[in-house]
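Source file: start18.cif; contents: mmCIF, C-alpha atoms.
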data_entry
#
loop_
_atom_site.group_PDB
_atom_site.id
_atom_site.type_symbol
_atom_site.label_atom_id
_atom_site.label_comp_id
_atom_site.auth_asym_id
_atom_site.auth_seq_id
_atom_site.Cartn_x
_atom_site.Cartn_y
_atom_site.Cartn_z
ATOM 1 C CA MET A 15 36.876 20.166 57.390
ATOM 2 C CA ASP A 16 33.545 19.290 58.998
ATOM 3 C CA SER A 17 31.622 16.136 58.183
ATOM 4 C CA GLY A 18 29.062 16.477 55.395
ATOM 5 C CA LEU A 19 28.444 16.313 51.676
ATOM 6 C CA TYR A 20 30.318 18.893 49.589
ATOM 7 C CA VAL A 21 28.938 19.656 46.108
ATOM 8 C CA VAL A 22 32.059 20.684 44.196
ATOM 9 C CA ALA A 23 32.107 22.453 40.823
ATOM 10 C CA THR A 24 34.904 21.352 38.498
ATOM 11 C CA PRO A 25 36.306 22.942 35.301
ATOM 12 C CA ILE A 26 34.295 22.768 32.085
ATOM 13 C CA GLY A 27 37.508 22.534 30.049
ATOM 14 C CA ASN A 28 40.588 24.319 31.310
ATOM 15 C CA LEU A 29 41.937 22.314 34.253
ATOM 16 C CA ALA A 30 43.447 25.469 35.776
ATOM 17 C CA ASP A 31 39.924 26.728 36.515
ATOM 18 C CA LEU A 32 39.555 24.453 39.554
ATOM 19 C CA ALA A 33 39.145 26.820 42.511
ATOM 20 C CA PRO A 34 41.720 26.636 45.349
ATOM 21 C CA ARG A 35 38.989 25.840 47.871
ATOM 22 C CA ALA A 36 37.736 23.022 45.643
ATOM 23 C CA VAL A 37 41.243 21.538 45.600
ATOM 24 C CA GLU A 38 41.392 21.678 49.404
ATOM 25 C CA VAL A 39 37.985 20.032 49.785
ATOM 26 C CA LEU A 40 38.751 17.258 47.296
ATOM 27 C CA ARG A 41 42.070 16.496 48.993
ATOM 28 C CA ALA A 42 40.576 16.508 52.494
ATOM 29 C CA ALA A 43 37.491 14.431 51.654
ATOM 30 C CA ASP A 44 37.294 10.796 52.689
ATOM 31 C CA LEU A 45 35.452 9.864 49.504
ATOM 32 C CA ILE A 46 34.639 11.497 46.156
ATOM 33 C CA ALA A 47 31.489 10.483 44.268
ATOM 34 C CA CYS A 48 32.143 11.012 40.532
ATOM 35 C CA GLU A 49 29.817 10.885 37.558
ATOM 36 C CA ASP A 50 32.645 9.031 35.771
ATOM 37 C CA THR A 51 35.725 8.098 37.815
ATOM 38 C CA ARG A 52 37.876 7.661 34.692
ATOM 39 C CA HIS A 53 36.977 11.124 33.410
ATOM 40 C CA SER A 54 37.672 12.774 36.776
ATOM 41 C CA ALA A 55 41.000 10.956 37.193
ATOM 42 C CA ARG A 56 42.744 13.332 34.769
ATOM 43 C CA LEU A 57 41.654 16.359 36.777
ATOM 44 C CA PHE A 58 42.673 14.730 40.046
ATOM 45 C CA ARG A 59 46.133 13.816 38.712
ATOM 46 C CA ALA A 60 46.678 17.408 37.570
ATOM 47 C CA HIS A 61 46.001 18.673 41.101
ATOM 48 C CA ASP A 62 47.597 15.864 43.138
ATOM 49 C CA ILE A 63 44.273 14.642 44.546
ATOM 50 C CA ALA A 64 44.559 11.050 45.737
ATOM 51 C CA THR A 65 41.227 10.685 47.560
ATOM 52 C CA PRO A 66 39.346 7.371 46.999
ATOM 53 C CA THR A 67 36.535 7.618 44.443
ATOM 54 C CA ILE A 68 33.288 5.838 43.625
ATOM 55 C CA ALA A 69 31.042 6.099 40.566
ATOM 56 C CA TYR A 70 27.733 7.878 41.001
ATOM 57 C CA HIS A 71 25.406 7.601 38.005
ATOM 58 C CA ASP A 72 22.050 6.078 37.091
ATOM 59 C CA HIS A 73 23.351 2.509 37.075
ATOM 60 C CA SER A 74 25.329 2.751 40.323
ATOM 61 C CA GLU A 75 22.975 4.930 42.323
ATOM 62 C CA ARG A 76 21.788 2.379 44.889
ATOM 63 C CA ARG A 77 25.301 1.181 45.761
ATOM 64 C CA ALA A 78 26.670 4.711 45.797
ATOM 65 C CA LEU A 79 23.904 6.014 48.067
ATOM 66 C CA GLN A 80 24.593 3.227 50.532
ATOM 67 C CA ARG A 81 28.346 3.828 50.606
ATOM 68 C CA VAL A 82 28.017 7.604 50.855
ATOM 69 C CA GLY A 83 25.440 7.215 53.625
ATOM 70 C CA GLU A 84 27.734 4.930 55.588
ATOM 71 C CA CYS A 85 30.638 7.363 55.216
ATOM 72 C CA LEU A 86 28.566 10.333 56.361
ATOM 73 C CA ASP A 87 26.988 8.397 59.239
ATOM 74 C CA GLY A 88 30.485 7.606 60.436
ATOM 75 C CA GLY A 89 31.426 11.286 60.549
ATOM 76 C CA GLY A 90 33.114 11.290 57.153
ATOM 77 C CA ARG A 91 33.389 13.935 54.453
ATOM 78 C CA VAL A 92 32.136 13.204 50.940
ATOM 79 C CA ALA A 93 32.597 15.332 47.829
ATOM 80 C CA LEU A 94 30.298 15.110 44.808
ATOM 81 C CA VAL A 95 31.621 16.058 41.353
ATOM 82 C CA SER A 96 30.227 15.754 37.836
ATOM 83 C CA ASP A 97 32.230 15.277 34.640
ATOM 84 C CA ALA A 98 32.410 19.052 34.195
ATOM 85 C CA GLY A 99 30.872 22.130 35.754
ATOM 86 C CA THR A 100 28.484 22.342 38.675
ATOM 87 C CA PRO A 101 26.886 19.052 39.808
ATOM 88 C CA LEU A 102 23.098 18.700 39.409
ATOM 89 C CA ILE A 103 22.961 21.169 36.474
ATOM 90 C CA SER A 104 21.809 18.678 33.811
ATOM 91 C CA ASP A 105 23.815 16.067 35.724
ATOM 92 C CA PRO A 106 22.931 13.361 38.258
ATOM 93 C CA GLY A 107 23.143 14.161 41.937
ATOM 94 C CA TYR A 108 19.930 15.533 43.386
ATOM 95 C CA ARG A 109 18.964 12.191 44.934
ATOM 96 C CA LEU A 110 22.342 12.038 46.630
ATOM 97 C CA VAL A 111 21.837 15.545 48.031
ATOM 98 C CA ARG A 112 18.356 14.632 49.303
ATOM 99 C CA HIS A 113 19.695 11.358 50.734
ATOM 100 C CA ALA A 114 22.285 13.242 52.783
ATOM 101 C CA GLN A 115 19.792 15.867 53.939
ATOM 102 C CA GLU A 116 17.229 13.272 54.981
ATOM 103 C CA ARG A 117 19.875 11.529 57.120
ATOM 104 C CA GLY A 118 20.573 14.835 58.871
ATOM 105 C CA HIS A 119 23.906 15.616 57.245
ATOM 106 C CA PRO A 120 24.823 19.141 56.062
ATOM 107 C CA VAL A 121 25.247 19.724 52.326
ATOM 108 C CA ARG A 122 27.630 22.530 51.379
ATOM 109 C CA PRO A 123 28.295 24.097 47.946
ATOM 110 C CA VAL A 124 31.800 24.692 46.650
ATOM 111 C CA PRO A 125 30.942 26.898 43.655
ATOM 112 C CA GLY A 126 32.849 27.326 40.435
ATOM 113 C CA SER A 127 32.424 26.701 36.716
ATOM 114 C CA CYS A 128 29.040 26.284 35.031
ATOM 115 C CA ALA A 129 28.757 26.130 31.242
ATOM 116 C CA ALA A 130 25.355 27.846 31.168
ATOM 117 C CA VAL A 131 26.555 30.829 33.211
ATOM 118 C CA ALA A 132 29.835 31.020 31.283
ATOM 119 C CA ALA A 133 27.921 31.199 27.990
ATOM 120 C CA LEU A 134 25.577 33.873 29.326
ATOM 121 C CA SER A 135 28.530 35.967 30.460
ATOM 122 C CA VAL A 136 29.998 36.189 26.939
ATOM 123 C CA GLY A 137 26.956 35.714 24.702
ATOM 124 C CA GLY A 138 25.833 39.314 24.433
ATOM 125 C CA LEU A 139 22.153 38.557 25.123
ATOM 126 C CA PRO A 140 20.179 40.005 28.060
ATOM 127 C CA THR A 141 21.009 38.287 31.357
ATOM 128 C CA ASP A 142 18.633 40.045 33.742
ATOM 129 C CA ARG A 143 16.273 37.085 33.253
ATOM 130 C CA PHE A 144 17.104 33.685 31.829
ATOM 131 C CA LEU A 145 15.454 30.270 31.711
ATOM 132 C CA PHE A 146 17.646 27.168 31.801
ATOM 133 C CA GLU A 147 16.099 24.319 29.780
ATOM 134 C CA GLY A 148 19.045 21.912 29.605
ATOM 135 C CA PHE A 149 18.752 19.265 26.880
ATOM 136 C CA LEU A 150 15.737 19.258 24.573
ATOM 137 C CA PRO A 151 14.087 15.983 23.475
ATOM 138 C CA ALA A 152 15.995 14.128 20.774
ATOM 139 C CA ARG A 153 12.963 13.477 18.565
ATOM 140 C CA GLN A 154 11.919 16.325 16.287
ATOM 141 C CA ALA A 155 8.201 16.347 17.149
ATOM 142 C CA ALA A 156 8.787 16.328 20.905
ATOM 143 C CA ARG A 157 11.566 18.905 20.564
ATOM 144 C CA GLU A 158 9.400 21.301 18.578
ATOM 145 C CA ASN A 159 6.469 20.862 20.957
ATOM 146 C CA ARG A 160 8.733 21.866 23.824
ATOM 147 C CA LEU A 161 10.069 24.843 21.888
ATOM 148 C CA ALA A 162 6.533 25.956 21.029
ATOM 149 C CA ALA A 163 5.748 26.077 24.737
ATOM 150 C CA LEU A 164 8.694 28.463 25.148
ATOM 151 C CA ALA A 165 8.033 30.662 22.117
ATOM 152 C CA ASN A 166 6.505 33.532 24.100
ATOM 153 C CA GLN A 167 8.996 33.509 26.961
ATOM 154 C CA GLY A 168 10.548 36.936 27.410
ATOM 155 C CA ALA A 169 13.649 35.621 29.198
ATOM 156 C CA THR A 170 16.830 34.515 27.431
ATOM 157 C CA LEU A 171 16.619 30.743 26.896
ATOM 158 C CA VAL A 172 19.583 28.477 27.707
ATOM 159 C CA PHE A 173 19.990 25.008 26.216
ATOM 160 C CA TYR A 174 22.632 22.299 26.217
ATOM 161 C CA GLU A 175 22.908 20.263 23.028
ATOM 162 C CA ALA A 176 24.854 17.264 21.794
ATOM 163 C CA PRO A 177 27.140 17.973 18.810
ATOM 164 C CA HIS A 178 25.468 15.382 16.581
ATOM 165 C CA ARG A 179 22.055 17.027 17.155
ATOM 166 C CA VAL A 180 22.948 20.719 17.072
ATOM 167 C CA ALA A 181 22.103 21.197 13.369
ATOM 168 C CA ALA A 182 18.675 19.575 13.761
ATOM 169 C CA CYS A 183 18.084 21.561 16.949
ATOM 170 C CA LEU A 184 18.827 24.869 15.214
ATOM 171 C CA ASP A 185 16.512 23.902 12.363
ATOM 172 C CA SER A 186 13.725 23.261 14.879
ATOM 173 C CA MET A 187 14.396 26.545 16.658
ATOM 174 C CA THR A 188 14.305 28.409 13.343
ATOM 175 C CA ALA A 189 10.983 26.786 12.458
ATOM 176 C CA VAL A 190 9.367 27.491 15.834
ATOM 177 C CA PHE A 191 10.895 30.843 16.898
ATOM 178 C CA GLY A 192 11.344 32.284 13.418
ATOM 179 C CA PRO A 193 14.544 32.780 11.399
ATOM 180 C CA ASP A 194 15.271 36.276 12.717
ATOM 181 C CA ARG A 195 15.347 35.501 16.465
ATOM 182 C CA GLU A 196 18.813 36.305 17.813
ATOM 183 C CA ALA A 197 20.817 33.408 19.231
ATOM 184 C CA VAL A 198 24.302 32.391 20.348
ATOM 185 C CA LEU A 199 26.319 29.233 19.763
ATOM 186 C CA ALA A 200 28.888 28.835 22.566
ATOM 187 C CA ARG A 201 31.129 25.844 21.910
ATOM 188 C CA GLU A 202 34.073 24.302 23.754
ATOM 189 C CA LEU A 203 34.120 27.083 26.359
ATOM 190 C CA THR A 204 37.536 27.518 28.098
ATOM 191 C CA LYS A 205 39.096 24.946 25.727
ATOM 192 C CA ALA A 206 41.548 25.350 22.853
ATOM 193 C CA PHE A 207 38.869 25.681 20.171
ATOM 194 C CA GLU A 208 36.479 27.923 22.105
ATOM 195 C CA THR A 209 33.929 29.557 19.809
ATOM 196 C CA VAL A 210 31.184 32.088 20.561
ATOM 197 C CA ILE A 211 28.999 33.117 17.603
ATOM 198 C CA ARG A 212 26.033 35.490 17.866
ATOM 199 C CA ASP A 213 23.706 35.625 14.862
ATOM 200 C CA THR A 214 20.090 35.048 13.899
ATOM 201 C CA LEU A 215 18.837 31.492 14.217
ATOM 202 C CA ALA A 216 18.820 31.166 10.440
ATOM 203 C CA GLY A 217 22.382 32.505 10.313
ATOM 204 C CA LEU A 218 23.600 30.086 12.986
ATOM 205 C CA ALA A 219 21.877 27.162 11.279
ATOM 206 C CA ALA A 220 23.614 28.021 8.001
ATOM 207 C CA ARG A 221 27.034 28.348 9.650
ATOM 208 C CA VAL A 222 26.694 25.054 11.489
ATOM 209 C CA GLU A 223 25.581 23.337 8.285
ATOM 210 C CA ALA A 224 28.542 24.758 6.339
ATOM 211 C CA ASP A 225 31.255 24.224 8.974
ATOM 212 C CA GLY A 226 31.600 20.750 10.437
ATOM 213 C CA ASP A 227 33.835 22.067 13.231
ATOM 214 C CA GLN A 228 30.779 23.803 14.715
ATOM 215 C CA ARG A 229 29.244 20.359 15.221
ATOM 216 C CA ARG A 230 32.005 19.237 17.595
ATOM 217 C CA GLY A 231 32.517 19.389 21.348
ATOM 218 C CA GLU A 232 30.403 20.694 24.209
ATOM 219 C CA ILE A 233 27.706 23.120 23.073
ATOM 220 C CA VAL A 234 25.517 25.728 24.791
ATOM 221 C CA LEU A 235 22.790 27.469 22.793
ATOM 222 C CA LEU A 236 21.332 30.785 23.931
ATOM 223 C CA VAL A 237 18.157 32.146 22.325
ATOM 224 C CA ALA A 238 16.870 35.674 22.857
ATOM 225 C CA GLY A 239 13.504 35.942 24.554
ATOM 226 C CA ALA A 240 10.395 36.830 22.584
ATOM 227 C CA PRO A 241 10.455 40.508 21.613
ATOM 228 C CA ASP A 242 8.336 42.756 23.795
ATOM 229 C CA LEU A 243 6.507 44.789 21.186
ATOM 230 C CA GLN A 244 4.032 46.415 23.550
ATOM 231 C CA GLY A 245 3.271 49.805 22.028
ATOM 232 C CA ASP A 246 5.070 48.776 18.822
ATOM 233 C CA ILE A 247 2.727 46.177 17.345
ATOM 234 C CA PRO A 248 2.950 46.230 13.534
ATOM 235 C CA PRO A 249 -0.149 47.801 11.914
ATOM 236 C CA ASP A 250 -1.216 44.605 10.148
ATOM 237 C CA ILE A 251 -1.003 42.623 13.390
ATOM 238 C CA SER A 252 -2.897 45.349 15.232
ATOM 239 C CA ALA A 253 -5.693 45.261 12.642
ATOM 240 C CA LEU A 254 -5.892 41.467 12.818
ATOM 241 C CA LEU A 255 -5.975 41.587 16.612
ATOM 242 C CA ARG A 256 -8.894 44.016 16.569
ATOM 243 C CA ARG A 257 -10.775 41.773 14.139
ATOM 244 C CA LEU A 258 -10.165 38.634 16.188
ATOM 245 C CA ALA A 259 -11.296 40.402 19.355
ATOM 246 C CA GLU A 260 -14.655 41.039 17.696
ATOM 247 C CA GLU A 261 -15.173 37.314 17.212
ATOM 248 C CA MET A 262 -13.867 35.884 20.494
ATOM 249 C CA PRO A 263 -12.860 36.885 24.038
ATOM 250 C CA ALA A 264 -9.889 39.238 24.194
ATOM 251 C CA LYS A 265 -7.564 36.806 25.996
ATOM 252 C CA ARG A 266 -8.379 34.054 23.529
ATOM 253 C CA ALA A 267 -7.737 36.393 20.577
ATOM 254 C CA CYS A 268 -4.334 37.352 22.022
ATOM 255 C CA ALA A 269 -3.417 33.726 22.674
ATOM 256 C CA VAL A 270 -4.280 32.683 19.111
ATOM 257 C CA LEU A 271 -2.307 35.553 17.589
ATOM 258 C CA ALA A 272 0.663 34.994 19.903
ATOM 259 C CA GLU A 273 0.841 31.358 18.849
ATOM 260 C CA HIS A 274 0.993 32.288 15.156
ATOM 261 C CA THR A 275 3.226 35.356 15.308
ATOM 262 C CA GLY A 276 5.681 34.637 18.118
ATOM 263 C CA LEU A 277 4.711 37.894 19.850
ATOM 264 C CA ARG A 278 4.158 37.887 23.593
ATOM 265 C CA LYS A 279 0.567 37.274 24.623
ATOM 266 C CA ASN A 280 0.774 39.859 27.411
ATOM 267 C CA ALA A 281 2.105 42.492 24.993
ATOM 268 C CA LEU A 282 -0.775 41.822 22.603
ATOM 269 C CA TYR A 283 -3.313 42.013 25.418
ATOM 270 C CA ASP A 284 -1.904 45.306 26.692
ATOM 271 C CA HIS A 285 -1.964 46.653 23.129
ATOM 272 C CA LEU A 286 -5.609 45.633 22.763
ATOM 273 C CA LEU A 287 -6.511 47.377 26.018
ATOM 274 C CA ALA A 288 -4.759 50.513 24.790
ATOM 275 C CA LEU A 289 -6.766 50.384 21.563
ATOM 276 C CA LYS A 290 -10.033 50.115 23.477
ATOM 277 C CA LYS A 291 -9.105 53.129 25.598
#
The structure in this file should be written as structure tokens.
Amino acid sequence: MDSGLYVVATPIGNLADLAPRAVEVLRAADLIACEDTRHSARLFRAHDIATPTIAYHDHSERRALQRVGECLDGGGRVALVSDAGTPLISDPGYRLVRHAQERGHPVRPVPGSCAAVAALSVGGLPTDRFLFEGFLPARQAARENRLAALANQGATLVFYEAPHRVAACLDSMTAVFGPDREAVLARELTKAFETVIRDTLAGLAARVEADGDQRRGEIVLLVAGAPDLQGDIPPDISALLRRLAEEMPAKRACAVLAEHTGLRKNALYDHLLALKK
């Protein structure tokens, strides 16, 4: 195996999901940088990986960068793993990748599990376009401000959420996106209590509130993109749009109505142009 930094995806639950190539790389590496060495130890024991490890996280970054740099400069091979899934996806690691690149060392991916992609593959929402948002702010006001900025996105939205915040998060999504927006709760993927529920946001919020088990484990939330109602604008919205456009510029009228209805601004603008024609 050539010298360089290897970014290795690890299982998100089922230890058998570690790819054969990943096992080879982790065994052959001179050093493995782990988000949490204690967490990774269980995976390594299951696959007979005895490579030395170091912790790589926010509090150890300076020391870890120095040690990894020294290993790579000496012609060594370093693997980077997170606690679960693909490193750098809502996990630390990009500074380590940049550090290796800036010192002239190759960085190679060893792909595998990713919770966001796994959820998309079984969620039943459109996957031709999706927007990964990771974790939302913990505070309600900041969370809802961020969601409001996403309300008119046409792509499927992908979020990670902590179990103790998932109920509050769904309440915020219901308030901002509307109760009827379709969504998916994907929980404990590849583990014993794997759950995938597709419902409206209001329906998911009610189920999570009623069932404490849905507030446990690792959680991915998928939310359908804003509906594209171009050519199918409800009559009352169409009438209001025409009236607003008499009082202000067309783009401003569409932006105001999009903010208050959840419809896509571009769809409203195209509808307005069609009305004028």
inquiry  = Starting from the PyMOL selection byres ((chain A and resi 234) around 7), expand the selection into actual residues of this file and give them as number ranges by chain.
reply    = A: 130, 133, 173-175, 199-201, 233, 235-236
query = Care to translate the PyMOL selection byres ((chain A and resi 182-187) around 8) into actual residues of this file, as a PyMOL selection string?
reply = chain A and resi 154+157-158+161+175+179-181+188-192+215-216+218-219
task = Could you tell me which residues the PyMOL selection byres ((chain A and resi 237) around 8) returns for this structure, as a ChimeraX atom specification?
result = /A:170-172,195-198,235-236,238-239
inquiry  = Give me the residues near stretch 56-64 of chain A as a PyMOL selection string, where near means some atom within 8 Å (using all atoms listed in the file) and where sequence neighbours in that chain fewer than 4 positions away do not count.
reply    = chain A and resi 29+37+40-41+52
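Counting only C-alpha atoms and comparing A:Ala93, A:Glu232, A:Leu286, A:Pro106, the residue that lies closest to A:Ile251 is A:Leu286.
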